[in-house]
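Reproduced below: upload_23.pdb, with PDB, C-alpha atoms and all ligand atoms.
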ATOM      1  CA  MET A  37    -102.369 -46.808 -24.692
ATOM      2  CA  GLN A  38     -98.914 -48.062 -23.803
ATOM      3  CA  ILE A  39     -97.623 -51.474 -24.882
ATOM      4  CA  GLN A  40     -94.780 -53.082 -22.957
ATOM      5  CA  LEU A  41     -92.961 -56.245 -23.925
ATOM      6  CA  SER A  42     -90.972 -57.993 -21.207
ATOM      7  CA  ALA A  43     -88.702 -60.851 -22.243
ATOM      8  CA  VAL A  44     -91.132 -62.076 -24.908
ATOM      9  CA  VAL A  45     -89.864 -65.207 -26.670
ATOM     10  CA  PRO A  46     -92.028 -67.232 -29.096
ATOM     11  CA  VAL A  47     -92.050 -70.869 -27.997
ATOM     12  CA  PRO A  48     -91.738 -72.289 -31.569
ATOM     13  CA  LEU A  49     -88.782 -69.975 -32.302
ATOM     14  CA  ARG A  50     -87.083 -70.213 -28.925
ATOM     15  CA  ASP A  51     -83.787 -71.796 -30.025
ATOM     16  CA  LYS A  52     -83.459 -69.577 -33.088
ATOM     17  CA  VAL A  53     -84.332 -66.391 -31.224
ATOM     18  CA  LEU A  54     -81.967 -66.983 -28.329
ATOM     19  CA  GLN A  55     -79.043 -67.536 -30.699
ATOM     20  CA  GLN A  56     -79.522 -64.239 -32.504
ATOM     21  CA  GLN A  57     -79.514 -60.557 -31.637
ATOM     22  CA  SER A  58     -82.972 -59.005 -31.675
ATOM     23  CA  ASP A  59     -84.269 -55.588 -30.626
ATOM     24  CA  ILE A  60     -87.616 -57.159 -29.702
ATOM     25  CA  TRP A  61     -87.394 -60.794 -28.635
ATOM     26  CA  ASN A  62     -86.247 -61.370 -25.067
ATOM     27  CA  ARG A  63     -85.966 -57.623 -24.425
ATOM     28  CA  ASP A  64     -87.828 -55.114 -22.306
ATOM     29  CA  ILE A  65     -89.250 -52.448 -24.574
ATOM     30  CA  THR A  66     -92.106 -49.978 -24.514
ATOM     31  CA  PHE A  67     -94.189 -48.774 -27.435
ATOM     32  CA  SER A  68     -95.351 -45.315 -26.371
ATOM     33  CA  PRO A  69     -98.652 -43.821 -27.517
ATOM     34  CA  ALA A  70     -98.689 -42.259 -30.989
ATOM     35  CA  GLN A  71     -95.305 -43.655 -32.015
ATOM     36  CA  PHE A  72     -94.814 -44.737 -35.632
ATOM     37  CA  ILE A  73     -92.881 -47.974 -35.202
ATOM     38  CA  LYS A  74     -91.177 -50.014 -37.896
ATOM     39  CA  ILE A  75     -90.266 -53.655 -37.342
ATOM     40  CA  LYS A  76     -87.788 -54.778 -39.973
ATOM     41  CA  ALA A  77     -86.827 -58.395 -40.417
ATOM     42  CA  PRO A  78     -86.088 -61.022 -43.040
ATOM     43  CA  SER A  79     -88.659 -63.620 -43.972
ATOM     44  CA  GLY A  80     -89.482 -66.216 -41.358
ATOM     45  CA  THR A  81     -88.108 -64.366 -38.327
ATOM     46  CA  GLY A  82     -91.479 -63.827 -36.685
ATOM     47  CA  LYS A  83     -93.064 -60.594 -37.932
ATOM     48  CA  THR A  84     -96.488 -62.171 -38.300
ATOM     49  CA  THR A  85     -96.008 -63.972 -35.004
ATOM     50  CA  LEU A  86     -95.299 -60.635 -33.284
ATOM     51  CA  VAL A  87     -98.341 -58.922 -34.828
ATOM     52  CA  HIS A  88    -100.533 -61.804 -33.661
ATOM     53  CA  TYR A  89     -99.099 -61.474 -30.136
ATOM     54  CA  LEU A  90     -99.728 -57.711 -30.143
ATOM     55  CA  TYR A  91    -103.327 -58.273 -31.274
ATOM     56  CA  ASN A  92    -103.603 -61.059 -28.705
ATOM     57  CA  ILE A  93    -104.765 -63.827 -31.015
ATOM     58  CA  ARG A  94    -101.718 -66.036 -30.362
ATOM     59  CA  TYR A  95    -100.366 -66.857 -26.947
ATOM     60  CA  ASP A  96     -97.504 -69.330 -27.510
ATOM     61  CA  TYR A  97     -94.817 -67.185 -25.941
ATOM     62  CA  THR A  98     -92.946 -66.826 -22.691
ATOM     63  CA  GLY A  99     -92.566 -63.383 -21.144
ATOM     64  CA  THR A 100     -95.265 -60.760 -20.798
ATOM     65  CA  ILE A 101     -97.054 -58.247 -22.983
ATOM     66  CA  ARG A 102     -98.703 -55.506 -20.939
ATOM     67  CA  ILE A 103    -101.282 -53.069 -22.246
ATOM     68  CA  ASN A 104    -101.550 -50.046 -19.972
ATOM     69  CA  ASP A 105     -99.650 -52.019 -17.312
ATOM     70  CA  LYS A 106    -102.016 -55.005 -17.420
ATOM     71  CA  PRO A 107    -100.901 -58.305 -19.012
ATOM     72  CA  TRP A 108    -102.967 -59.526 -21.961
ATOM     73  CA  PRO A 109    -104.360 -62.560 -20.087
ATOM     74  CA  SER A 110    -105.914 -60.311 -17.437
ATOM     75  CA  TYR A 111    -108.349 -58.797 -19.967
ATOM     76  CA  SER A 112    -111.753 -60.476 -20.243
ATOM     77  CA  LYS A 113    -113.223 -61.568 -23.588
ATOM     78  CA  ASP A 114    -115.653 -58.654 -23.478
ATOM     79  CA  GLN A 115    -112.877 -56.181 -22.747
ATOM     80  CA  LEU A 116    -110.839 -57.608 -25.640
ATOM     81  CA  ALA A 117    -113.786 -57.264 -28.010
ATOM     82  CA  VAL A 118    -114.217 -53.611 -27.055
ATOM     83  CA  MET A 119    -110.481 -52.950 -27.396
ATOM     84  CA  ARG A 120    -110.486 -54.443 -30.898
ATOM     85  CA  GLN A 121    -113.470 -52.274 -31.823
ATOM     86  CA  GLN A 122    -112.162 -49.049 -30.404
ATOM     87  CA  GLN A 123    -108.468 -49.129 -29.566
ATOM     88  CA  ILE A 124    -106.543 -51.536 -31.780
ATOM     89  CA  SER A 125    -107.066 -52.049 -35.499
ATOM     90  CA  VAL A 126    -105.135 -54.528 -37.632
ATOM     91  CA  ILE A 127    -104.169 -55.296 -41.203
ATOM     92  CA  PHE A 128    -103.235 -58.960 -41.315
ATOM     93  CA  GLN A 129    -100.684 -60.200 -43.800
ATOM     94  CA  ASP A 130    -103.271 -62.615 -45.198
ATOM     95  CA  LEU A 131    -105.795 -59.712 -45.198
ATOM     96  CA  ARG A 132    -108.776 -61.879 -44.162
ATOM     97  CA  LEU A 133    -111.361 -60.407 -46.526
ATOM     98  CA  PHE A 134    -114.579 -62.339 -47.057
ATOM     99  CA  ASP A 135    -114.407 -63.738 -50.603
ATOM    100  CA  GLN A 136    -118.176 -64.039 -50.910
ATOM    101  CA  LEU A 137    -118.749 -60.351 -50.085
ATOM    102  CA  SER A 138    -117.978 -57.444 -52.370
ATOM    103  CA  ALA A 139    -115.048 -55.170 -51.573
ATOM    104  CA  LEU A 140    -117.529 -52.507 -50.437
ATOM    105  CA  GLU A 141    -119.403 -54.958 -48.204
ATOM    106  CA  ASN A 142    -116.134 -56.048 -46.610
ATOM    107  CA  ILE A 143    -115.406 -52.455 -45.635
ATOM    108  CA  GLU A 144    -118.998 -51.588 -44.747
ATOM    109  CA  LEU A 145    -119.229 -54.563 -42.401
ATOM    110  CA  LYS A 146    -116.405 -53.125 -40.328
ATOM    111  CA  ARG A 147    -117.869 -49.621 -40.447
ATOM    112  CA  VAL A 148    -121.285 -50.631 -39.102
ATOM    113  CA  MET A 149    -119.908 -53.052 -36.506
ATOM    114  CA  GLN A 150    -119.118 -50.047 -34.337
ATOM    115  CA  PRO A 151    -121.722 -48.989 -31.742
ATOM    116  CA  GLU A 152    -121.517 -45.576 -33.444
ATOM    117  CA  PRO A 153    -119.922 -45.674 -36.907
ATOM    118  CA  TYR A 154    -116.665 -43.735 -36.816
ATOM    119  CA  TYR A 155    -117.147 -42.530 -40.383
ATOM    120  CA  PRO A 156    -120.203 -41.981 -42.600
ATOM    121  CA  ALA A 157    -120.607 -44.363 -45.562
ATOM    122  CA  GLU A 158    -119.379 -41.727 -48.039
ATOM    123  CA  LYS A 159    -115.926 -41.926 -46.509
ATOM    124  CA  ILE A 160    -115.435 -45.365 -48.071
ATOM    125  CA  LYS A 161    -115.806 -43.985 -51.595
ATOM    126  CA  GLU A 162    -113.531 -41.063 -50.747
ATOM    127  CA  MET A 163    -110.762 -43.344 -49.481
ATOM    128  CA  ALA A 164    -111.260 -45.789 -52.362
ATOM    129  CA  ASP A 165    -110.848 -42.892 -54.823
ATOM    130  CA  ARG A 166    -107.637 -41.848 -53.115
ATOM    131  CA  LEU A 167    -106.217 -45.367 -53.258
ATOM    132  CA  GLY A 168    -107.409 -46.063 -56.818
ATOM    133  CA  VAL A 169    -109.809 -48.890 -55.970
ATOM    134  CA  SER A 170    -113.214 -47.251 -56.400
ATOM    135  CA  HIS A 171    -113.774 -49.209 -59.635
ATOM    136  CA  VAL A 172    -113.540 -52.555 -57.799
ATOM    137  CA  LEU A 173    -115.818 -51.743 -54.860
ATOM    138  CA  ASN A 174    -118.642 -53.863 -56.251
ATOM    139  CA  GLN A 175    -116.429 -56.793 -57.217
ATOM    140  CA  SER A 176    -116.445 -59.865 -54.987
ATOM    141  CA  GLY A 177    -113.490 -60.287 -52.674
ATOM    142  CA  ALA A 178    -112.571 -63.487 -54.513
ATOM    143  CA  THR A 179    -111.966 -61.695 -57.807
ATOM    144  CA  LEU A 180    -109.738 -58.890 -56.530
ATOM    145  CA  SER A 181    -106.029 -58.834 -57.280
ATOM    146  CA  TYR A 182    -103.782 -59.079 -54.238
ATOM    147  CA  GLY A 183    -102.837 -55.403 -54.490
ATOM    148  CA  GLU A 184    -106.512 -54.443 -54.639
ATOM    149  CA  ARG A 185    -107.249 -56.674 -51.661
ATOM    150  CA  GLN A 186    -104.454 -54.981 -49.752
ATOM    151  CA  ARG A 187    -105.911 -51.530 -50.372
ATOM    152  CA  ILE A 188    -109.424 -52.698 -49.430
ATOM    153  CA  ALA A 189    -108.047 -54.188 -46.205
ATOM    154  CA  ILE A 190    -106.285 -50.890 -45.451
ATOM    155  CA  ILE A 191    -109.517 -48.909 -45.917
ATOM    156  CA  ARG A 192    -111.400 -51.441 -43.797
ATOM    157  CA  ALA A 193    -108.913 -51.020 -40.951
ATOM    158  CA  LEU A 194    -109.400 -47.253 -41.092
ATOM    159  CA  MET A 195    -113.187 -47.507 -40.601
ATOM    160  CA  GLN A 196    -112.851 -47.757 -36.838
ATOM    161  CA  PRO A 197    -111.383 -45.662 -34.046
ATOM    162  CA  PHE A 198    -108.001 -46.857 -32.793
ATOM    163  CA  GLU A 199    -105.050 -45.867 -30.690
ATOM    164  CA  TRP A 200    -102.812 -48.438 -32.376
ATOM    165  CA  LEU A 201    -102.838 -49.768 -35.915
ATOM    166  CA  MET A 202    -100.987 -53.061 -36.378
ATOM    167  CA  MET A 203     -99.874 -53.666 -39.975
ATOM    168  CA  ASP A 204     -98.152 -56.811 -41.238
ATOM    169  CA  GLU A 205     -96.344 -56.043 -44.514
ATOM    170  CA  PRO A 206     -99.279 -53.885 -45.689
ATOM    171  CA  PHE A 207     -97.658 -52.727 -48.940
ATOM    172  CA  SER A 208     -96.090 -56.009 -50.079
ATOM    173  CA  HIS A 209     -98.117 -56.137 -53.306
ATOM    174  CA  LEU A 210     -98.312 -52.412 -54.057
ATOM    175  CA  ASP A 211     -96.122 -50.517 -56.489
ATOM    176  CA  GLU A 212     -94.279 -47.504 -55.148
ATOM    177  CA  ALA A 213     -96.888 -44.938 -56.264
ATOM    178  CA  ASN A 214     -99.750 -46.851 -54.667
ATOM    179  CA  ALA A 215     -97.773 -47.599 -51.505
ATOM    180  CA  THR A 216     -97.004 -43.886 -51.174
ATOM    181  CA  LYS A 217    -100.696 -42.971 -51.506
ATOM    182  CA  ALA A 218    -101.704 -45.608 -48.964
ATOM    183  CA  ALA A 219     -98.992 -44.509 -46.530
ATOM    184  CA  ARG A 220    -100.107 -40.887 -46.772
ATOM    185  CA  LEU A 221    -103.693 -41.863 -45.978
ATOM    186  CA  ILE A 222    -102.613 -44.048 -43.047
ATOM    187  CA  ALA A 223    -100.371 -41.304 -41.626
ATOM    188  CA  GLU A 224    -103.210 -38.771 -41.834
ATOM    189  CA  GLU A 225    -105.673 -41.150 -40.174
ATOM    190  CA  CYS A 226    -103.211 -41.920 -37.369
ATOM    191  CA  SER A 227    -102.498 -38.240 -36.797
ATOM    192  CA  ALA A 228    -106.213 -37.390 -36.730
ATOM    193  CA  ARG A 229    -106.704 -39.990 -33.977
ATOM    194  CA  LYS A 230    -103.376 -39.210 -32.226
ATOM    195  CA  ALA A 231    -102.709 -42.919 -32.796
ATOM    196  CA  GLY A 232     -99.535 -44.901 -33.298
ATOM    197  CA  PHE A 233     -98.764 -47.872 -35.472
ATOM    198  CA  VAL A 234     -96.568 -50.921 -35.653
ATOM    199  CA  LEU A 235     -95.611 -51.820 -39.213
ATOM    200  CA  THR A 236     -93.625 -54.895 -40.179
ATOM    201  CA  ASP A 237     -91.680 -55.159 -43.398
ATOM    202  CA  LEU A 238     -88.788 -57.025 -44.945
ATOM    203  CA  ASP A 239     -86.961 -53.946 -46.074
ATOM    204  CA  HIS A 240     -85.926 -50.439 -45.333
ATOM    205  CA  ASP A 241     -88.486 -47.947 -46.622
ATOM    206  CA  GLN A 242     -89.277 -44.276 -46.425
ATOM    207  CA  HIS A 243     -93.040 -44.380 -46.536
ATOM    208  CA  PHE A 244     -93.333 -42.838 -43.071
ATOM    209  CA  ASP A 245     -91.399 -40.652 -40.667
ATOM    210  CA  TYR A 246     -90.822 -43.501 -38.235
ATOM    211  CA  HIS A 247     -90.088 -42.569 -34.634
ATOM    212  CA  VAL A 248     -88.242 -45.820 -34.125
ATOM    213  CA  THR A 249     -87.087 -48.833 -36.132
ATOM    214  CA  TYR A 250     -86.487 -52.206 -34.502
ATOM    215  CA  HIS A 251     -84.736 -55.192 -36.022
ATOM    216  CA  LEU A 252     -86.556 -58.362 -35.113
TER     217      LEU A 252
HETATM  218  N1  LIG A 301     -97.845 -71.864 -34.767
HETATM  219  C1  LIG A 301     -96.577 -72.114 -35.138
HETATM  220  N2  LIG A 301     -95.943 -73.209 -34.704
HETATM  221  C2  LIG A 301     -94.679 -73.460 -35.074
HETATM  222  N3  LIG A 301     -93.949 -72.669 -35.853
HETATM  223  C3  LIG A 301     -94.525 -71.573 -36.316
HETATM  224  C4  LIG A 301     -95.859 -71.231 -35.993
HETATM  225  N4  LIG A 301     -96.159 -70.082 -36.623
HETATM  226  C5  LIG A 301     -95.060 -69.707 -37.297
HETATM  227  N5  LIG A 301     -94.076 -70.605 -37.104
HETATM  228  C6  LIG A 301     -92.741 -70.518 -37.672
HETATM  229  O1  LIG A 301     -92.164 -69.375 -37.071
HETATM  230  C7  LIG A 301     -91.357 -68.694 -38.003
HETATM  231  C8  LIG A 301     -91.800 -67.250 -38.100
HETATM  232  O2  LIG A 301     -93.057 -67.198 -38.759
HETATM  233  P1  LIG A 301     -93.753 -65.801 -39.120
HETATM  234  O3  LIG A 301     -94.896 -66.095 -40.006
HETATM  235  O4  LIG A 301     -94.025 -65.072 -37.858
HETATM  236  O5  LIG A 301     -92.558 -65.083 -39.896
HETATM  237  P2  LIG A 301     -92.528 -63.745 -40.758
HETATM  238  O6  LIG A 301     -91.305 -62.997 -40.322
HETATM  239  O7  LIG A 301     -93.814 -63.041 -40.658
HETATM  240  O8  LIG A 301     -92.304 -64.322 -42.198
HETATM  241  P3  LIG A 301     -92.688 -63.722 -43.665
HETATM  242  O9  LIG A 301     -91.835 -62.507 -43.884
HETATM  243  O10 LIG A 301     -92.316 -64.866 -44.564
HETATM  244  O11 LIG A 301     -94.152 -63.424 -43.639
HETATM  245  C9  LIG A 301     -91.432 -69.475 -39.313
HETATM  246  O12 LIG A 301     -90.287 -70.282 -39.408
HETATM  247  C10 LIG A 301     -92.695 -70.285 -39.164
HETATM  248  O13 LIG A 301     -92.599 -71.489 -39.884
END

Would you write the structure of this file as structure tokens?
Ligand SMILES: Nc1ncnc2c1ncn2[C@@H]1O[C@H](COP(=O)(O)OP(=O)(O)OP(=O)(O)O)[C@@H](O)[C@H]1O
Amino acid sequence: MQIQLSAVVPVPLRDKVLQQQSDIWNRDITFSPAQFIKIKAPSGTGKTTLVHYLYNIRYDYTGTIRINDKPWPSYSKDQLAVMRQQQISVIFQDLRLFDQLSALENIELKRVMQPEPYYPAEKIKEMADRLGVSHVLNQSGATLSYGERQRIAIIRALMQPFEWLMMDEPFSHLDEANATKAARLIAEECSARKAGFVLTDLDHDQHFDYHVTYHL
């Protein structure tokens, strides 16, 4: 699945964006299948905005985002639902876990929402062990620390098939050792699916062998 951005400019950031140099805003760029893409930018420059545009849950921009040569608005609601089940997964910056469900239920919900679960239930425990969160699986979402929530949200995003994984500062509350473990898992899961990702972050990092880094 190819993603093309043509002269995309967020309406609320228009003046700011047009005054500054950006590798993304107001440019023509293509994210090719299976690329590991880093988007680096300081706070408040639009990383979350970009991820929401790429997941097509915000539309306040000029320019065009094309998925396999078709602009986002030309996809029907049903097509979008299927794409989000099977082709694009996301880790939001605010994570969006259900507080009233346990960590396990949050992940399981995503797993069984697929027409055919991508992974068996045991895979959740296996991933939780790897990321050091198996002891919190039965805790309610509301009681998890932010770093635990982040790892649960990562596992949840990996419970579905995808061609692209969108990640908005996914390691912001993880120490280096835990970020490294999470990155290794994500890289393996992307490789197994021949998938790419877009990862936003404030800083330079070496968690992945990025194919390309853009400055927002
Ligand atoms: N719907 C909106 N309407 C108007 N302004 C908005 C809207 N959403 C975000 N902004 C503004 O756009 C700018 C970019 O916001 P965004 O959340 O995308 O930045 P970010 O790079 O992800 O920041 P951070 O690193 O702090 O998470 C901010 O100044 C924000 O206040």

(message) Could you list, as number ranges by chain, all residues that come within 7 Å of ligand LIG 301 (chain A)? Count all atoms listed in the file.
(response) A: 48-49, 77-86, 238

Residues just named, written with C-alpha atoms as a compact mmCIF listing (two decimals), in the frame of the given file:
# COMPACT_ATOMS: atom_id res chain seq x y z
CA PRO A 48 -91.74 -72.29 -31.57
CA LEU A 49 -88.78 -69.97 -32.30
CA ALA A 77 -86.83 -58.40 -40.42
CA PRO A 78 -86.09 -61.02 -43.04
CA SER A 79 -88.66 -63.62 -43.97
CA GLY A 80 -89.48 -66.22 -41.36
CA THR A 81 -88.11 -64.37 -38.33
CA GLY A 82 -91.48 -63.83 -36.68
CA LYS A 83 -93.06 -60.59 -37.93
CA THR A 84 -96.49 -62.17 -38.30
CA THR A 85 -96.01 -63.97 -35.00
CA LEU A 86 -95.30 -60.64 -33.28
CA LEU A 238 -88.79 -57.02 -44.94

(message) Which residue is closest to Phe207 (chain A)? Choose from A:Ile65, A:Leu131, A:Val248, A:Leu173 and count only C-alpha atoms.
(response) A:Leu131

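Using only C-alpha atoms, the shortest contact distance between Ile127 (chain A) and any of A:Glu152, A:Asp105, A:Asp237, A:Asp204 is found at A:Asp204.
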
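Atom pair CA of Ile190 (chain A) / CA of Gln38 (chain A): separated by 23.0 Å.
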
(request) Identify, on the basis of all atoms listed in the file, every residue whose closest approach to Leu252 (chain A) does not exceed 6 Å; exclude the query and any residue fewer than 2 positions from it along the same chain; express the result as a PyMOL selection string. (result) chain A and resi 58-60+77

(message) Tell me which residues come within 12 Å of (-96.4, -47.2, -51.8), as a count of residues only, counting all atoms listed in the file in the file's coordinates.
(response) 26

(request) Evaluate the PyMOL selection byres (((chain A and resi 71) around 9) and not hetatm) on the structure here and hand back the selected residues as a VMD selection string. (result) chain A and resid 67 to 70 72 to 73 200 231 to 234 246 to 248

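For the set A:Val172, A:Met163, A:Val44, A:Met203, the residue with the smallest atom-to-atom gap to Glu224 (chain A) is A:Met163, counting only C-alpha atoms.
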
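Selection check: the PyMOL selection byres (((chain A and resi 143) around 9) and not hetatm) on the shown file gives Leu133, Ser138, Ala139, Leu140, Glu141, Asn142, Glu144, Leu145, Lys146, Arg147, Val148, Ile160, Ile188, Ala189, Ile191, Arg192, Ala193 and Met195 of chain A.
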
(request) Apply the PyMOL selection byres (((chain A and resi 45) around 9) and not hetatm) to the displayed file and report the matching residues as a PyMOL selection string. (result) chain A and resi 43-44+46-50+53-54+60-63+96-99

(message) Using all atoms listed in the file, which protein or nucleic acid residues come within 10 Å of His240 (chain A)? Drop anything in the same chain fewer than 4 positions from it, and give the result as a count of residues only.
(response) 5

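CA of Gly168 (chain A) lies 24.0 Å from CA of Phe198 (chain A).
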
(request) Show which residues sit within 7 Å of Met37 (chain A), as a list in words. Count only C-alpha atoms, and ignore same-chain residues fewer than 2 positions away. (result) Ile39, Pro69, Ile103, Asn104 and Glu199 of chain A

(request) Compute the distance from (-107.0, -53.1, -31.5) to each atom, counting only C-alpha atoms, keep the residues with any atom at most 10 Å away, and return them as an MDAnalysis selection string; use the coordinates of the file. (result) chainID A and resid 90:92 116:126 193 196:202

(message) Would you compute the distance between CA of Asp135 (chain A) and CA of Arg94 (chain A)? Give it in Å to one decimal.
(response) 24.0 Å

(message) Using only C-alpha atoms, can you tell me which of A:Arg229, A:Lys52, A:Arg166, A:Lys113 comes closest to Tyr154 (chain A)?
(response) A:Arg229

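Distances from A:Gln40, A:Thr236, A:Ser112, A:Ser181 to His88 (chain A) were compared using only C-alpha atoms, and the smallest one belongs to A:Thr236.
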